[in-house]
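> The structure is given below, and queries will be raised subsequently.
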Amino acid sequence: MSSISITTRRFLQTAGTLVAGIVLAACSKTEPPAPVAATPAPAASAPAPAAKVYLVGTDAAYAPFETQNEKGEIVGFDIEVVKAVAEKAGIEVKFLNTPWEGIFNTLAQGDRDLLVSSITITDERKQTMDFSSPYFDAQQLIAVKKDSKIAKFNDLKKLKVGVQNGTTGDEVVTKLQGKTSPNIKRFESTPLALKELESGGVDAVVADNGVVVHYVNNNSDAKFKTVSDASFVSEQYGLAVKKGNTELQQKLNKGLADIKSDGTYDKIYTKYFGAPAGATAAAGAAPAPAAAASPAK
């Protein structure tokens, strides 16, 4: 009995020693090193703000000033002038085809930053928008059929006359015939009015002379002739900006002055109308040549 107890006791002592050893061995294991925090990557610098792109509204149905080529690209004299001005002014521009009727609303509402569309500078328009320095001189012109006896503007007083709605041609004919005259036929574009003349729907069209001359020269089958009149006063085109946008207005004026002084303007003018008369670069706006006079909306 006692020998059994002694054996049991030794066994228990031995087992206890082994367990203690195991526990100590377990406790003596090297703890894994704490994970080293990764060095944070340097914060990426904020991207530079994109340069502002100025949206340019233009009624691209007014060759040779603004029209669309076979690829749908907006091209013409006005377009090349603005591109050159933008380059000198250090700004980026994008042209958007914008119907003439409502084009000024797009400027007032901020949908366009500037307009170039053979826009005549008038006192009435200055009340609601601002203009750059003038960049082109122009006046009105009458288109009639070759066999017409119309010889002067006053001959149109009681005849059917086609005009583009909202243009200076519309204004002068309205003054001649009166605001309520049923003989004034208004169209969305000058080419549409000239088509109506070709079909006999009107007796004459009064419009910007550049567009009229361009149409007559390129549509010989229509058998038109042009009639000028001393009562048509000289008009000037300007680039229109939103009222109070003096910052953009000043940039455009600087660009215009630069392209006139370095000969760029004269090169563009010559491409579309032949050599300018006189020193146009120094004088400012270029006078329209008799052979290819410019229009005025």
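Each chain in the structure tokens gets a letter, A, B and so on, in the order shown; residues start at 1 in every chain, and ligands are counted from 1 in the order they appear.
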Could you list, with a cut-off of 9 Å and counting only C-alpha atoms, the residues of stretch 153-266 of chain A near stretch 120-132 of chain A, each shown with its nearest atom pair and the distance in Å rounded to one decimal, rows sorted by chain and ascending number, as CSV?

residue,atom,partner,partner_atom,distance
A:Thr167,CA,A:Thr120,CA,8.5
A:Thr168,CA,A:Thr120,CA,7.6
A:Glu235,CA,A:Thr120,CA,6.2
A:Gln236,CA,A:Thr120,CA,5.4
A:Tyr237,CA,A:Thr120,CA,4.4
A:Gly238,CA,A:Ser132,CA,5.4
A:Leu239,CA,A:Ser132,CA,5.2
A:Ala240,CA,A:Phe131,CA,4.6
A:Val241,CA,A:Asp130,CA,5.3
A:Lys242,CA,A:Met129,CA,5.2
A:Lys243,CA,A:Met129,CA,4.2
A:Gly244,CA,A:Asp130,CA,7.0
A:Asn245,CA,A:Asp130,CA,7.6
A:Thr246,CA,A:Asp130,CA,8.2
A:Gln249,CA,A:Ser132,CA,5.7
A:Gln250,CA,A:Ser132,CA,7.7
A:Leu252,CA,A:Ser132,CA,6.4
A:Asn253,CA,A:Ser132,CA,5.7
A:Leu256,CA,A:Ser132,CA,8.5
> Identify, with DSSP run on backbone atoms, the residues in stretch 71-275 of chain A assigned to strand (DSSP E), and express the list as a ChimeraX atom specification.
/A:74-75,92-97,114-115,129-131,136-138,140-145,161-164,184-187,204-208,224-227,235-237,240-242
> Skipping near chain neighbours, those fewer than 2 positions away, what residues fall within 9 Å of A:Lys297 using only C-alpha atoms, listed as a count of residues only?
14
> Restricting the calculation to only C-alpha atoms: of A:Pro134, A:Gly255, A:Gly210, A:Pro49, which residue gets closest to A:Ala86?
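Of all the options, A:Gly255 lies closest to A:Ala86.
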> If you count only C-alpha atoms, which residues fall within 9 Å of A:Lys223, apart from same-chain ones fewer than 3 positions away, as a PyMOL selection string?
chain A and resi 144-147+198+216+219-220
> Compare A:Asn154, A:Ser181, A:Asn69, A:Thr58 by their minimum atom-to-atom distance to A:Asn97, counting only C-alpha atoms, and give me the closest one.
A:Thr58
> What's the 8 Å shell around A:Ala193, counting only C-alpha atoms, without same-chain residues fewer than 2 positions away, as number ranges by chain?
A: 162-164, 186-187, 189-191, 195-197, 205
> Could you write out the selected residues, including N, CA, C and O atoms, as an mmCIF file, in the first residue's frame?

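That gives us result-v6.cif:
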data_model
loop_
_atom_site.group_PDB
_atom_site.id
_atom_site.type_symbol
_atom_site.label_atom_id
_atom_site.label_comp_id
_atom_site.auth_asym_id
_atom_site.auth_seq_id
_atom_site.Cartn_x
_atom_site.Cartn_y
_atom_site.Cartn_z
ATOM 1 N N GLY A 162 -37.146 89.978 -99.425
ATOM 2 C CA GLY A 162 -36.691 88.941 -98.502
ATOM 3 C C GLY A 162 -35.511 89.433 -97.670
ATOM 4 O O GLY A 162 -34.619 90.113 -98.196
ATOM 5 N N VAL A 163 -35.532 89.107 -96.392
ATOM 6 C CA VAL A 163 -34.444 89.478 -95.479
ATOM 7 C C VAL A 163 -34.210 88.323 -94.506
ATOM 8 O O VAL A 163 -35.073 87.454 -94.334
ATOM 9 N N GLN A 164 -33.055 88.335 -93.885
ATOM 10 C CA GLN A 164 -32.819 87.390 -92.795
ATOM 11 C C GLN A 164 -33.331 88.017 -91.506
ATOM 12 O O GLN A 164 -32.995 89.158 -91.176
ATOM 13 N N ARG A 186 -39.435 87.292 -94.002
ATOM 14 C CA ARG A 186 -38.270 87.024 -93.146
ATOM 15 C C ARG A 186 -37.912 85.539 -93.164
ATOM 16 O O ARG A 186 -38.792 84.681 -93.074
ATOM 17 N N PHE A 187 -36.614 85.271 -93.253
ATOM 18 C CA PHE A 187 -36.116 83.897 -93.341
ATOM 19 C C PHE A 187 -35.045 83.653 -92.278
ATOM 20 O O PHE A 187 -34.465 84.595 -91.725
ATOM 21 N N SER A 189 -32.149 82.345 -92.786
ATOM 22 C CA SER A 189 -30.808 82.628 -93.295
ATOM 23 C C SER A 189 -30.919 83.390 -94.605
ATOM 24 O O SER A 189 -31.950 83.344 -95.297
ATOM 25 N N THR A 190 -29.838 84.077 -94.962
ATOM 26 C CA THR A 190 -29.809 84.803 -96.236
ATOM 27 C C THR A 190 -29.886 83.862 -97.437
ATOM 28 O O THR A 190 -30.598 84.163 -98.405
ATOM 29 N N PRO A 191 -29.165 82.730 -97.444
ATOM 30 C CA PRO A 191 -29.309 81.810 -98.577
ATOM 31 C C PRO A 191 -30.755 81.363 -98.817
ATOM 32 O O PRO A 191 -31.165 81.199 -99.970
ATOM 33 N N LYS A 195 -32.846 81.904 -102.232
ATOM 34 C CA LYS A 195 -33.556 80.812 -102.910
ATOM 35 C C LYS A 195 -34.987 81.237 -103.247
ATOM 36 O O LYS A 195 -35.534 80.888 -104.305
ATOM 37 N N GLU A 196 -35.595 81.984 -102.332
ATOM 38 C CA GLU A 196 -36.954 82.472 -102.564
ATOM 39 C C GLU A 196 -36.969 83.472 -103.724
ATOM 40 O O GLU A 196 -37.913 83.499 -104.524
ATOM 41 N N LEU A 197 -35.929 84.278 -103.820
ATOM 42 C CA LEU A 197 -35.807 85.202 -104.958
ATOM 43 C C LEU A 197 -35.678 84.419 -106.261
ATOM 44 O O LEU A 197 -36.293 84.766 -107.274
ATOM 45 N N VAL A 205 -33.850 90.845 -102.479
ATOM 46 C CA VAL A 205 -33.335 90.474 -101.159
ATOM 47 C C VAL A 205 -32.343 91.557 -100.742
ATOM 48 O O VAL A 205 -31.507 91.981 -101.538
#
> When you look at A:Val211 with a cut-off of 7 Å (counting only C-alpha atoms), what residues show up, excluding the ones that are within fewer than 2 positions of it in the same chain? I need them as a VMD selection string.
chain A and resid 62 to 64 208 to 209 213 to 215 294 to 295
> So the first atom is atom CA of A:Gln177 and the second is atom CA of A:Asn165; what is the distance between them in Å, to one decimal place?
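Separating atom CA of A:Gln177 from atom CA of A:Asn165 is a distance of 15.1 Å.
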> Write down as an MDAnalysis selection string the residues of stretch 50-205 of chain A whose backbone DSSP state falls under helix (DSSP H, G or I).
chainID A and resid 77:89 103:108 123:126 153:156 168:177 190:199
> Determine, counting only C-alpha atoms, which protein, DNA and RNA residues have an atom within 7 Å of an atom of A:Asn183; residues of the same chain fewer than 2 positions away are not included. Present the result as a list in words.
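What passes the distance filter is Leu159, Lys160, Val161, Ser181 and Lys185 of chain A.
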> Do you have the atom CA of A:Lys175-atom CA of A:Tyr135 distance handy?
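Atom-to-atom, atom CA of A:Lys175 to atom CA of A:Tyr135, that is 26.6 Å.
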> Please indicate the distance in Å from atom CA of A:Phe273 to atom CA of A:Asn218, rounded to one decimal place.
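If I compute the distance from atom CA of A:Phe273 to atom CA of A:Asn218, I get 14.2 Å.
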